[in-house]
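To be precise, the following lines are input_10.pdb, and they hold PDB, C-alpha atoms.
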ATOM      1  CA  MET A   1       0.000   0.000   0.000
ATOM      2  CA  LEU A   2       2.827   2.393   0.904
ATOM      3  CA  ALA A   3       4.709   1.607  -2.308
ATOM      4  CA  PHE A   4       1.568   2.293  -4.349
ATOM      5  CA  ALA A   5       1.040   5.644  -2.606
ATOM      6  CA  VAL A   6       4.665   6.669  -3.205
ATOM      7  CA  ARG A   7       4.459   5.758  -6.908
ATOM      8  CA  ARG A   8       1.217   7.683  -7.265
ATOM      9  CA  PHE A   9       2.556  10.853  -5.673
ATOM     10  CA  VAL A  10       5.793  10.711  -7.672
ATOM     11  CA  SER A  11       3.727  10.540 -10.856
ATOM     12  CA  ALA A  12       1.676  13.482  -9.567
ATOM     13  CA  ILE A  13       4.860  15.542  -9.224
ATOM     14  CA  LEU A  14       5.860  14.691 -12.798
ATOM     15  CA  VAL A  15       2.408  15.703 -14.039
ATOM     16  CA  LEU A  16       2.675  19.049 -12.232
ATOM     17  CA  PHE A  17       6.085  19.641 -13.793
ATOM     18  CA  ALA A  18       4.683  18.921 -17.260
ATOM     19  CA  ILE A  19       1.763  21.276 -16.643
ATOM     20  CA  SER A  20       4.089  24.061 -15.485
ATOM     21  CA  VAL A  21       6.148  23.723 -18.677
ATOM     22  CA  LEU A  22       3.031  23.714 -20.838
ATOM     23  CA  VAL A  23       1.541  26.755 -19.110
ATOM     24  CA  PHE A  24       4.819  28.660 -19.393
ATOM     25  CA  LEU A  25       5.127  27.877 -23.101
ATOM     26  CA  ILE A  26       1.554  28.972 -23.807
ATOM     27  CA  PHE A  27       1.815  32.257 -21.901
ATOM     28  CA  PHE A  28       5.404  33.289 -22.587
ATOM     29  CA  ALA A  29       6.688  31.422 -25.645
ATOM     30  CA  THR A  30       3.756  31.366 -28.064
ATOM     31  CA  PRO A  31       4.603  33.121 -31.347
ATOM     32  CA  GLY A  32       3.047  36.571 -31.426
ATOM     33  CA  VAL A  33       2.842  36.858 -27.617
ATOM     34  CA  ASP A  34       5.073  39.618 -26.278
ATOM     35  CA  PRO A  35       4.796  40.068 -22.493
ATOM     36  CA  ALA A  36       7.194  43.008 -22.682
ATOM     37  CA  ALA A  37       4.710  44.935 -24.820
ATOM     38  CA  ARG A  38       2.016  44.273 -22.223
ATOM     39  CA  ILE A  39       4.222  45.603 -19.430
ATOM     40  CA  ALA A  40       5.631  48.604 -21.275
ATOM     41  CA  GLY A  41       2.305  49.742 -22.740
ATOM     42  CA  ARG A  42       0.893  50.189 -26.226
ATOM     43  CA  ASN A  43       2.971  53.175 -27.309
ATOM     44  CA  ALA A  44       6.329  52.059 -25.916
ATOM     45  CA  ASP A  45       9.341  52.726 -28.112
ATOM     46  CA  PRO A  46      11.805  49.964 -29.101
ATOM     47  CA  ALA A  47      14.347  51.086 -26.518
ATOM     48  CA  THR A  48      11.805  50.785 -23.718
ATOM     49  CA  LEU A  49      10.703  47.372 -24.970
ATOM     50  CA  ALA A  50      14.328  46.187 -25.052
ATOM     51  CA  GLN A  51      14.863  47.479 -21.516
ATOM     52  CA  VAL A  52      11.748  45.673 -20.251
ATOM     53  CA  ARG A  53      12.747  42.423 -21.993
ATOM     54  CA  HIS A  54      16.164  42.568 -20.340
ATOM     55  CA  ALA A  55      14.766  43.477 -16.902
ATOM     56  CA  PHE A  56      12.303  40.559 -16.912
ATOM     57  CA  GLY A  57      14.673  38.101 -18.617
ATOM     58  CA  PHE A  58      12.597  37.816 -21.800
ATOM     59  CA  ASP A  59      15.763  38.074 -23.906
ATOM     60  CA  ARG A  60      17.263  34.943 -22.329
ATOM     61  CA  PRO A  61      17.086  31.398 -23.791
ATOM     62  CA  LEU A  62      13.763  29.644 -23.268
ATOM     63  CA  PRO A  63      14.921  27.088 -20.647
ATOM     64  CA  VAL A  64      16.577  29.864 -18.650
ATOM     65  CA  ARG A  65      13.403  31.937 -18.821
ATOM     66  CA  TYR A  66      11.388  28.988 -17.533
ATOM     67  CA  VAL A  67      13.750  28.390 -14.610
ATOM     68  CA  LEU A  68      13.796  32.093 -13.736
ATOM     69  CA  MET A  69      10.002  32.307 -13.874
ATOM     70  CA  MET A  70       9.528  29.267 -11.632
ATOM     71  CA  LYS A  71      12.203  30.602  -9.262
ATOM     72  CA  HIS A  72      10.463  33.954  -8.952
ATOM     73  CA  LEU A  73       7.094  32.238  -8.553
ATOM     74  CA  PHE A  74       7.901  29.445  -6.082
ATOM     75  CA  VAL A  75      11.343  30.055  -4.523
ATOM     76  CA  SER A  76      11.813  33.785  -3.998
ATOM     77  CA  ARG A  77       8.038  34.334  -4.456
ATOM     78  CA  ASP A  78       8.647  37.858  -5.704
ATOM     79  CA  LEU A  79       6.983  37.531  -9.121
ATOM     80  CA  GLU A  80       4.878  40.645  -9.567
ATOM     81  CA  SER A  81       1.719  41.355 -11.493
ATOM     82  CA  PHE A  82       2.250  42.911 -14.910
ATOM     83  CA  VAL A  83      -0.826  45.112 -14.379
ATOM     84  CA  ASN A  84      -0.745  46.055 -10.686
ATOM     85  CA  ARG A  85       2.955  46.761 -10.339
ATOM     86  CA  GLY A  86       4.254  46.029  -6.873
ATOM     87  CA  SER A  87       1.513  43.471  -6.213
ATOM     88  CA  LYS A  88       3.092  40.011  -5.909
ATOM     89  CA  VAL A  89       1.386  36.919  -7.332
ATOM     90  CA  ILE A  90       1.833  34.418  -4.490
ATOM     91  CA  PRO A  91       0.528  36.733  -1.723
ATOM     92  CA  GLN A  92      -2.569  37.405  -3.829
ATOM     93  CA  ILE A  93      -3.221  33.679  -4.190
ATOM     94  CA  THR A  94      -2.507  32.869  -0.529
ATOM     95  CA  HIS A  95      -4.850  35.670   0.512
ATOM     96  CA  ALA A  96      -7.657  34.350  -1.708
ATOM     97  CA  MET A  97      -7.082  30.648  -1.008
ATOM     98  CA  PRO A  98      -8.661  30.457   2.503
ATOM     99  CA  ILE A  99     -11.832  32.053   1.159
ATOM    100  CA  THR A 100     -12.192  29.489  -1.623
ATOM    101  CA  LEU A 101     -11.289  26.631   0.705
ATOM    102  CA  SER A 102     -13.882  27.788   3.236
ATOM    103  CA  LEU A 103     -16.539  27.931   0.542
ATOM    104  CA  VAL A 104     -15.748  24.581  -1.064
ATOM    105  CA  LEU A 105     -15.141  22.593   2.137
ATOM    106  CA  GLY A 106     -18.441  23.685   3.693
ATOM    107  CA  ALA A 107     -20.396  23.057   0.501
ATOM    108  CA  ALA A 108     -18.684  19.677   0.014
ATOM    109  CA  VAL A 109     -19.743  18.462   3.470
ATOM    110  CA  ILE A 110     -23.345  19.418   2.702
ATOM    111  CA  TRP A 111     -23.537  17.896  -0.770
ATOM    112  CA  VAL A 112     -21.778  14.663   0.263
ATOM    113  CA  VAL A 113     -24.127  14.135   3.214
ATOM    114  CA  LEU A 114     -27.185  14.984   1.112
ATOM    115  CA  GLY A 115     -25.962  12.929  -1.853
ATOM    116  CA  ILE A 116     -25.340   9.820   0.244
ATOM    117  CA  ALA A 117     -28.628  10.193   2.135
ATOM    118  CA  MET A 118     -30.722  10.849  -0.977
ATOM    119  CA  GLY A 119     -29.003   8.221  -3.128
ATOM    120  CA  SER A 120     -29.199   5.520  -0.466
ATOM    121  CA  ALA A 121     -32.842   6.304   0.333
ATOM    122  CA  ALA A 122     -33.815   6.272  -3.340
ATOM    123  CA  ALA A 123     -32.061   2.922  -3.860
ATOM    124  CA  ALA A 124     -33.570   1.369  -0.738
ATOM    125  CA  LEU A 125     -37.068   2.618  -1.629
ATOM    126  CA  ARG A 126     -36.905   1.913  -5.366
ATOM    127  CA  GLY A 127     -40.284   0.988  -6.783
ATOM    128  CA  THR A 128     -42.094   3.327  -4.370
ATOM    129  CA  ALA A 129     -43.224   6.909  -4.849
ATOM    130  CA  VAL A 130     -40.285   8.155  -2.786
ATOM    131  CA  ASP A 131     -37.678   7.097  -5.365
ATOM    132  CA  PRO A 132     -38.838   9.276  -8.302
ATOM    133  CA  LEU A 133     -39.571  12.153  -5.898
ATOM    134  CA  ILE A 134     -35.983  12.157  -4.603
ATOM    135  CA  MET A 135     -34.587  11.877  -8.111
ATOM    136  CA  MET A 136     -36.831  14.710  -9.326
ATOM    137  CA  LEU A 137     -35.531  16.952  -6.539
ATOM    138  CA  GLY A 138     -31.995  16.027  -7.552
ATOM    139  CA  VAL A 139     -32.613  16.898 -11.196
ATOM    140  CA  VAL A 140     -34.153  20.239 -10.232
ATOM    141  CA  GLY A 141     -31.157  21.107  -8.045
ATOM    142  CA  ALA A 142     -28.647  20.126 -10.715
ATOM    143  CA  SER A 143     -30.536  22.007 -13.445
ATOM    144  CA  LEU A 144     -30.712  25.401 -11.744
ATOM    145  CA  PRO A 145     -27.739  27.626 -12.664
ATOM    146  CA  VAL A 146     -25.631  28.618  -9.663
ATOM    147  CA  TYR A 147     -25.626  32.303 -10.591
ATOM    148  CA  TRP A 148     -29.436  32.354 -10.850
ATOM    149  CA  VAL A 149     -29.914  30.581  -7.523
ATOM    150  CA  GLY A 150     -27.392  32.917  -5.922
ATOM    151  CA  GLU A 151     -29.089  36.023  -7.268
ATOM    152  CA  ALA A 152     -32.506  34.719  -6.164
ATOM    153  CA  VAL A 153     -31.136  34.028  -2.677
ATOM    154  CA  ASN A 154     -29.614  37.505  -2.521
ATOM    155  CA  LEU A 155     -32.872  39.078  -3.685
ATOM    156  CA  LEU A 156     -34.736  37.444  -0.809
ATOM    157  CA  THR A 157     -32.131  37.642   1.950
ATOM    158  CA  GLN A 158     -30.512  40.980   1.118
ATOM    159  CA  SER A 159     -33.488  42.942  -0.215
ATOM    160  CA  ARG A 160     -37.093  41.752  -0.169
ATOM    161  CA  LEU A 161     -37.163  39.904   3.167
ATOM    162  CA  HIS A 162     -34.046  41.323   4.799
ATOM    163  CA  ASP A 163     -36.012  43.452   7.260
ATOM    164  CA  GLY A 164     -38.158  40.507   8.301
ATOM    165  CA  VAL A 165     -37.411  36.792   8.144
ATOM    166  CA  PHE A 166     -33.780  37.218   7.057
ATOM    167  CA  SER A 167     -32.820  40.141   9.276
ATOM    168  CA  TRP A 168     -30.053  37.945  10.736
ATOM    169  CA  VAL A 169     -28.321  37.544   7.363
ATOM    170  CA  PRO A 170     -25.140  39.714   7.158
ATOM    171  CA  PRO A 171     -24.223  41.807   4.093
ATOM    172  CA  LEU A 172     -22.397  40.180   1.189
ATOM    173  CA  GLY A 173     -18.699  39.636   1.726
ATOM    174  CA  TYR A 174     -16.373  37.520   3.797
ATOM    175  CA  VAL A 175     -15.194  37.456   7.413
ATOM    176  CA  GLY A 176     -12.219  35.278   8.336
ATOM    177  CA  LEU A 177     -12.673  32.248  10.564
ATOM    178  CA  THR A 178     -10.068  33.509  13.033
ATOM    179  CA  GLU A 179     -11.669  36.950  13.207
ATOM    180  CA  ASN A 180     -15.178  35.836  14.114
ATOM    181  CA  PRO A 181     -16.234  32.177  13.656
ATOM    182  CA  GLY A 182     -19.930  32.996  13.961
ATOM    183  CA  GLU A 183     -19.821  35.714  11.299
ATOM    184  CA  TRP A 184     -17.653  33.467   9.118
ATOM    185  CA  ALA A 185     -20.344  30.783   9.132
ATOM    186  CA  LEU A 186     -23.180  33.271   8.597
ATOM    187  CA  HIS A 187     -21.464  34.888   5.611
ATOM    188  CA  LEU A 188     -20.882  31.467   4.023
ATOM    189  CA  LEU A 189     -24.157  29.743   4.898
ATOM    190  CA  PHE A 190     -26.083  30.646   1.749
ATOM    191  CA  PRO A 191     -23.025  30.299  -0.557
ATOM    192  CA  TRP A 192     -22.583  26.796   0.892
ATOM    193  CA  LEU A 193     -26.204  25.874   0.302
ATOM    194  CA  THR A 194     -26.222  27.374  -3.199
ATOM    195  CA  LEU A 195     -23.120  25.491  -4.318
ATOM    196  CA  ALA A 196     -24.187  22.260  -2.588
ATOM    197  CA  LEU A 197     -27.597  22.362  -4.294
ATOM    198  CA  LEU A 198     -25.959  21.844  -7.685
ATOM    199  CA  TYR A 199     -23.861  18.842  -6.673
ATOM    200  CA  ALA A 200     -26.143  17.025  -4.205
ATOM    201  CA  GLY A 201     -28.549  15.926  -6.949
ATOM    202  CA  ILE A 202     -25.736  14.744  -9.235
ATOM    203  CA  TYR A 203     -24.159  12.648  -6.483
ATOM    204  CA  ALA A 204     -27.521  11.261  -5.376
ATOM    205  CA  ARG A 205     -28.329  10.016  -8.880
ATOM    206  CA  LEU A 206     -24.864   8.494  -9.296
ATOM    207  CA  LEU A 207     -24.998   6.737  -5.934
ATOM    208  CA  ARG A 208     -28.525   5.436  -6.501
ATOM    209  CA  SER A 209     -27.582   3.728  -9.763
ATOM    210  CA  GLU A 210     -24.391   2.256  -8.260
ATOM    211  CA  VAL A 211     -26.179   0.952  -5.144
ATOM    212  CA  ILE A 212     -28.933  -0.669  -7.212
ATOM    213  CA  ALA A 213     -26.305  -2.341  -9.397
ATOM    214  CA  SER A 214     -24.488  -3.584  -6.302
ATOM    215  CA  LEU A 215     -27.701  -4.942  -4.778
ATOM    216  CA  ASN A 216     -28.061  -7.220  -7.804
ATOM    217  CA  GLU A 217     -24.594  -8.747  -7.399
ATOM    218  CA  ASP A 218     -24.087 -12.384  -6.396
ATOM    219  CA  TYR A 219     -22.414 -11.541  -3.096
ATOM    220  CA  VAL A 220     -25.534  -9.625  -2.013
ATOM    221  CA  THR A 221     -27.690 -12.637  -2.905
ATOM    222  CA  THR A 222     -25.380 -14.777  -0.783
ATOM    223  CA  ALA A 223     -25.633 -12.314   2.096
ATOM    224  CA  ARG A 224     -29.422 -12.423   1.914
ATOM    225  CA  ALA A 225     -29.331 -16.223   1.920
ATOM    226  CA  LYS A 226     -27.313 -16.060   5.153
ATOM    227  CA  GLY A 227     -30.098 -14.047   6.752
ATOM    228  CA  ILE A 228     -28.281 -10.706   6.930
ATOM    229  CA  SER A 229     -30.690  -7.785   7.295
ATOM    230  CA  GLU A 230     -31.374  -5.494   4.338
ATOM    231  CA  ARG A 231     -30.099  -2.476   6.269
ATOM    232  CA  ARG A 232     -26.750  -4.159   6.918
ATOM    233  CA  ILE A 233     -26.513  -5.323   3.314
ATOM    234  CA  LEU A 234     -27.219  -1.781   2.103
ATOM    235  CA  ILE A 235     -24.730  -0.053   4.389
ATOM    236  CA  LYS A 236     -21.920  -2.589   4.773
ATOM    237  CA  HIS A 237     -21.905  -4.199   1.336
ATOM    238  CA  ALA A 238     -23.726  -2.273  -1.407
ATOM    239  CA  LEU A 239     -22.949   1.262  -0.208
ATOM    240  CA  ARG A 240     -19.260   0.603   0.387
ATOM    241  CA  CYS A 241     -18.731  -0.872  -3.063
ATOM    242  CA  SER A 242     -20.711   1.968  -4.633
ATOM    243  CA  LEU A 243     -18.483   4.649  -3.105
ATOM    244  CA  ILE A 244     -15.619   4.094  -5.560
ATOM    245  CA  PRO A 245     -17.154   6.076  -8.472
ATOM    246  CA  PHE A 246     -18.621   8.476  -5.899
ATOM    247  CA  VAL A 247     -15.148   9.187  -4.502
ATOM    248  CA  SER A 248     -13.717   9.523  -8.005
ATOM    249  CA  LEU A 249     -16.249  12.162  -8.992
ATOM    250  CA  PHE A 250     -15.792  13.960  -5.680
ATOM    251  CA  GLY A 251     -12.031  14.165  -6.200
ATOM    252  CA  LEU A 252     -12.441  15.753  -9.615
ATOM    253  CA  ASP A 253     -15.123  18.205  -8.497
ATOM    254  CA  PHE A 254     -13.421  19.186  -5.261
ATOM    255  CA  GLY A 255     -10.069  19.806  -6.933
ATOM    256  CA  ALA A 256     -11.643  21.864  -9.703
ATOM    257  CA  LEU A 257     -13.734  23.951  -7.285
ATOM    258  CA  VAL A 258     -10.802  24.673  -4.987
ATOM    259  CA  GLY A 259      -8.823  25.573  -8.093
ATOM    260  CA  GLY A 260     -11.292  28.319  -9.009
ATOM    261  CA  SER A 261     -14.333  26.680 -10.604
ATOM    262  CA  ALA A 262     -16.492  28.181  -7.852
ATOM    263  CA  LEU A 263     -16.072  31.509  -9.653
ATOM    264  CA  LEU A 264     -19.785  32.188 -10.172
ATOM    265  CA  THR A 265     -20.623  31.540  -6.528
ATOM    266  CA  GLU A 266     -17.773  33.788  -5.407
ATOM    267  CA  VAL A 267     -18.839  36.606  -7.701
ATOM    268  CA  VAL A 268     -22.541  36.447  -6.797
ATOM    269  CA  PHE A 269     -21.903  36.455  -3.043
ATOM    270  CA  GLY A 270     -18.997  38.908  -3.080
ATOM    271  CA  LEU A 271     -16.328  36.414  -2.005
ATOM    272  CA  PRO A 272     -12.819  37.465  -3.152
ATOM    273  CA  GLY A 273     -11.549  33.935  -3.662
ATOM    274  CA  VAL A 274      -9.239  32.344  -6.229
ATOM    275  CA  GLY A 275     -11.952  32.168  -8.882
ATOM    276  CA  LYS A 276     -12.595  35.902  -8.630
ATOM    277  CA  LEU A 277      -8.844  36.569  -8.708
ATOM    278  CA  THR A 278      -8.498  34.480 -11.871
ATOM    279  CA  TYR A 279     -11.431  36.255 -13.492
ATOM    280  CA  ASP A 280      -9.940  39.692 -12.786
ATOM    281  CA  ALA A 281      -6.543  38.571 -14.114
ATOM    282  CA  LEU A 282      -8.136  37.288 -17.323
ATOM    283  CA  GLN A 283      -9.968  40.576 -17.762
ATOM    284  CA  ASN A 284      -6.663  42.464 -17.536
ATOM    285  CA  VAL A 285      -4.523  39.835 -19.348
ATOM    286  CA  ASP A 286      -2.269  39.728 -16.284
ATOM    287  CA  LEU A 287      -0.070  36.801 -17.349
ATOM    288  CA  PRO A 288       1.850  36.149 -14.092
ATOM    289  CA  VAL A 289      -1.348  36.045 -12.034
ATOM    290  CA  ILE A 290      -3.066  33.833 -14.614
ATOM    291  CA  MET A 291      -0.091  31.467 -14.646
ATOM    292  CA  GLY A 292      -0.024  31.390 -10.856
ATOM    293  CA  THR A 293      -3.730  30.618 -10.517
ATOM    294  CA  VAL A 294      -3.599  27.984 -13.289
ATOM    295  CA  LEU A 295      -0.719  26.190 -11.563
ATOM    296  CA  TYR A 296      -2.533  26.521  -8.253
ATOM    297  CA  ALA A 297      -5.634  24.921  -9.798
ATOM    298  CA  ALA A 298      -3.562  22.177 -11.414
ATOM    299  CA  PHE A 299      -1.920  21.422  -8.070
ATOM    300  CA  PHE A 300      -5.249  20.813  -6.338
ATOM    301  CA  VAL A 301      -6.711  18.789  -9.214
ATOM    302  CA  VAL A 302      -3.633  16.542  -9.430
ATOM    303  CA  LEU A 303      -3.360  16.248  -5.637
ATOM    304  CA  THR A 304      -6.997  15.281  -5.141
ATOM    305  CA  ASN A 305      -6.774  12.733  -7.940
ATOM    306  CA  ALA A 306      -3.691  11.199  -6.320
ATOM    307  CA  LEU A 307      -5.512  11.009  -2.985
ATOM    308  CA  VAL A 308      -8.523   9.452  -4.717
ATOM    309  CA  ASP A 309      -6.299   6.766  -6.269
ATOM    310  CA  VAL A 310      -4.795   5.985  -2.870
ATOM    311  CA  LEU A 311      -8.294   5.752  -1.392
ATOM    312  CA  TYR A 312      -9.265   3.470  -4.304
ATOM    313  CA  ALA A 313      -6.440   1.161  -3.347
ATOM    314  CA  ARG A 314      -7.736   1.155   0.201
ATOM    315  CA  LEU A 315     -11.292   0.325  -0.851
ATOM    316  CA  ASP A 316     -10.293  -2.160  -3.570
ATOM    317  CA  PRO A 317      -6.865  -3.861  -3.159
ATOM    318  CA  ARG A 318      -6.925  -4.940  -6.825
ATOM    319  CA  VAL A 319      -6.149  -1.344  -7.828
ATOM    320  CA  ARG A 320      -2.704  -1.558  -6.218
ATOM    321  CA  HIS A 321      -1.546  -4.051  -8.876
ATOM    322  CA  ALA A 322      -3.179  -2.321 -11.862
TER     323      ALA A 322
END

What is this structure when it is put down as C-alpha cells?
Amino acid sequence: MLAFAVRRFVSAILVLFAISVLVFLIFFATPGVDPAARIAGRNADPATLAQVRHAFGFDRPLPVRYVLMMKHLFVSRDLESFVNRGSKVIPQITHAMPITLSLVLGAAVIWVVLGIAMGSAAAALRGTAVDPLIMMLGVVGASLPVYWVGEAVNLLTQSRLHDGVFSWVPPLGYVGLTENPGEWALHLLFPWLTLALLYAGIYARLLRSEVIASLNEDYVTTARAKGISERRILIKHALRCSLIPFVSLFGLDFGALVGGSALLTEVVFGLPGVGKLTYDALQNVDLPVIMGTVLYAAFFVVLTNALVDVLYARLDPRVRHA
C-alpha cells in the first residue's frame, strides 16, 4: 500500500512539472505573444521594450526563462503582477485561497451528506413513490444555474425579506474564521447551500444507480441467503462498493472547485476567492497572475486525484496491482 502511494505521488509531481512547462510555453513562448509589450504599454518605443525584456529576462534562452520564472514564482516568491505593479502573485493567491477553501469545504460536506442520504434512500425505496420524488428533486437542483440561484437568494435575503425573516443575514462579503467564527459561518451559509444544491442531486443520482447495481450482485444474494438484514446489506456491502465512483467524482469536483471553478458563486456572493482573482486577471490579461492561478488549480486537481487513487487502493486492493 505504501509503495503504491509513493508511486502515485511521484507521478503526480511529474504531471505538475509537465503542466508548469506547458503553461509557461503557452503564456510566454507562443509566437506573437510579447509580455514586454504588455508591461511597457501600447505606445512604448523599441528602446523601452528592449529594456523591459532585459529586466524581466525575456531576452534569455527559453529554458533559462522557464527556470527564472519558476524561481520567482515558487522560490523567492517575488513575481509581480504585470498590471498592478508592486503586487506580488503568491501573496494574492494565498490571501484568496482560505476564502475558496472555506466555501468549497463547507459546501462539500453538505452535498456529500445529502448525496449519500438521498441516493441511499432512493435505492432502498426503489419501486415506491419516494424514489422518483428524490430523483426529481436532484434533477431540479442540478438544473438550476448557480448564478441564478445565488441572485434569487440575494434578492430574498438581502433585499425583499431582509427586514423581516432574514434580518439575521449579514451583508455580502467575507469574514475570516479567526476573526469571528460565527460571522464566518453566517457569511458562508447561503453560498454553501447554493453550491451544494448543484452537486447534491448529481451525487444522489450516481450513488442510486451504483447501489442498485451492487444490490443485484451475487455476493448480495449470498448475504441475503445467510439471513443478513437489508439495512446491513445496504450499508456494509452495497454502499461501500458503490463509493468508488462516488469518490472519483468527488475528487475531480473538489479539486476543480478549490482551483477556481467556484467563480460564479464567489462573484454572486462577493467572495474574493481564487476564482474571482483568476477572473480579474483574465480581464486584464495579467499573465503572471493567470499562470499562478492555473498552476494553483492544477496542483489541487492533481493532488486530489492522487488522494482518490490511494483511497481506491484502500477500498479495492486490486487497484494496487493495476

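In this structure, CA of Val153 in chain A sits 14.3 Å away from CA of Gly173 in chain A.
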
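CA of Gly182 in chain A lies 13.9 Å from CA of Gly106 in chain A.
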
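Taking all atoms listed in the file into account, Pro272 in chain A lies nearest to A:Leu172 out of the set A:Leu14, A:Ala5, A:Ala117, A:Leu172.
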
Who sits within 7 Å of range 298-313 of chain A, only C-alpha atoms, same chain under 5 positions skipped, as number ranges by chain: A: 5, 8-9, 12, 16, 244, 247-248, 251-252, 255-256, 258-259, 319-320

Given the PyMOL selection byres ((chain A and resi 155-170) around 8), the residues it picks as a ChimeraX atom specification: /A:151-154,171-172,183,186-187

Pick from A:Leu271, A:Leu105, A:Val146, A:Val285, whichever lies nearest to Asp253 in chain A using all atoms listed in the file: A:Leu105

Would you fill the gaps in range 75-82 of chain A so it has all heavy atoms, then print it as a JSON list (two decimals), keeping the file's coordinate frame?
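So the final result, stored in part14.json, reads:
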[["chain", "number", "residue", "atom", "x", "y", "z"],
["A", 75, "VAL", "N", 10.21, 30.02, -5.44],
["A", 75, "VAL", "CA", 11.34, 30.06, -4.52],
["A", 75, "VAL", "C", 11.43, 31.41, -3.82],
["A", 75, "VAL", "O", 11.21, 31.53, -2.61],
["A", 75, "VAL", "CB", 12.66, 29.73, -5.25],
["A", 75, "VAL", "CG1", 13.83, 29.77, -4.27],
["A", 75, "VAL", "CG2", 12.57, 28.37, -5.92],
["A", 76, "SER", "N", 11.74, 32.44, -4.59],
["A", 76, "SER", "CA", 11.81, 33.78, -4.00],
["A", 76, "SER", "C", 10.43, 34.40, -3.79],
["A", 76, "SER", "O", 10.26, 35.30, -2.97],
["A", 76, "SER", "CB", 12.67, 34.70, -4.87],
["A", 76, "SER", "OG", 12.12, 34.81, -6.17],
["A", 77, "ARG", "N", 9.45, 33.90, -4.56],
["A", 77, "ARG", "CA", 8.04, 34.33, -4.46],
["A", 77, "ARG", "C", 7.89, 35.85, -4.60],
["A", 77, "ARG", "O", 7.09, 36.47, -3.93],
["A", 77, "ARG", "CB", 7.45, 33.88, -3.11],
["A", 77, "ARG", "CG", 7.53, 32.39, -2.89],
["A", 77, "ARG", "CD", 7.05, 31.96, -1.53],
["A", 77, "ARG", "NE", 5.64, 32.22, -1.37],
["A", 77, "ARG", "CZ", 4.96, 31.93, -0.26],
["A", 77, "ARG", "NH1", 5.57, 31.37, 0.76],
["A", 77, "ARG", "NH2", 3.68, 32.19, -0.18],
["A", 78, "ASP", "N", 8.69, 36.41, -5.49],
["A", 78, "ASP", "CA", 8.65, 37.86, -5.70],
["A", 78, "ASP", "C", 8.14, 38.22, -7.10],
["A", 78, "ASP", "O", 8.30, 39.36, -7.54],
["A", 78, "ASP", "CB", 10.03, 38.47, -5.48],
["A", 78, "ASP", "CG", 11.10, 37.86, -6.39],
["A", 78, "ASP", "OD1", 10.77, 36.92, -7.15],
["A", 78, "ASP", "OD2", 12.26, 38.31, -6.34],
["A", 79, "LEU", "N", 7.54, 37.24, -7.80],
["A", 79, "LEU", "CA", 6.98, 37.53, -9.12],
["A", 79, "LEU", "C", 5.82, 38.50, -8.97],
["A", 79, "LEU", "O", 4.89, 38.25, -8.20],
["A", 79, "LEU", "CB", 6.51, 36.25, -9.80],
["A", 79, "LEU", "CG", 5.96, 36.40, -11.22],
["A", 79, "LEU", "CD1", 7.04, 36.90, -12.16],
["A", 79, "LEU", "CD2", 5.39, 35.08, -11.73],
["A", 80, "GLU", "N", 5.87, 39.59, -9.70],
["A", 80, "GLU", "CA", 4.88, 40.65, -9.57],
["A", 80, "GLU", "C", 3.89, 40.63, -10.72],
["A", 80, "GLU", "O", 4.18, 40.15, -11.82],
["A", 80, "GLU", "CB", 5.55, 42.02, -9.50],
["A", 80, "GLU", "CG", 6.42, 42.22, -8.26],
["A", 80, "GLU", "CD", 6.98, 43.62, -8.20],
["A", 80, "GLU", "OE1", 6.74, 44.41, -9.15],
["A", 80, "GLU", "OE2", 7.67, 43.94, -7.21],
["A", 81, "SER", "N", 2.74, 41.18, -10.46],
["A", 81, "SER", "CA", 1.72, 41.36, -11.49],
["A", 81, "SER", "C", 2.23, 42.30, -12.56],
["A", 81, "SER", "O", 2.92, 43.28, -12.26],
["A", 81, "SER", "CB", 0.45, 41.90, -10.84],
["A", 81, "SER", "OG", -0.43, 42.43, -11.82],
["A", 82, "PHE", "N", 1.89, 42.01, -13.82],
["A", 82, "PHE", "CA", 2.25, 42.91, -14.91],
["A", 82, "PHE", "C", 1.32, 44.13, -14.96],
["A", 82, "PHE", "O", 1.65, 45.14, -15.58],
["A", 82, "PHE", "CB", 2.17, 42.17, -16.25],
["A", 82, "PHE", "CG", 3.29, 41.21, -16.49],
["A", 82, "PHE", "CD1", 3.29, 40.39, -17.61],
["A", 82, "PHE", "CD2", 4.37, 41.13, -15.62],
["A", 82, "PHE", "CE1", 4.32, 39.50, -17.84],
["A", 82, "PHE", "CE2", 5.40, 40.23, -15.85],
["A", 82, "PHE", "CZ", 5.37, 39.42, -16.97]]
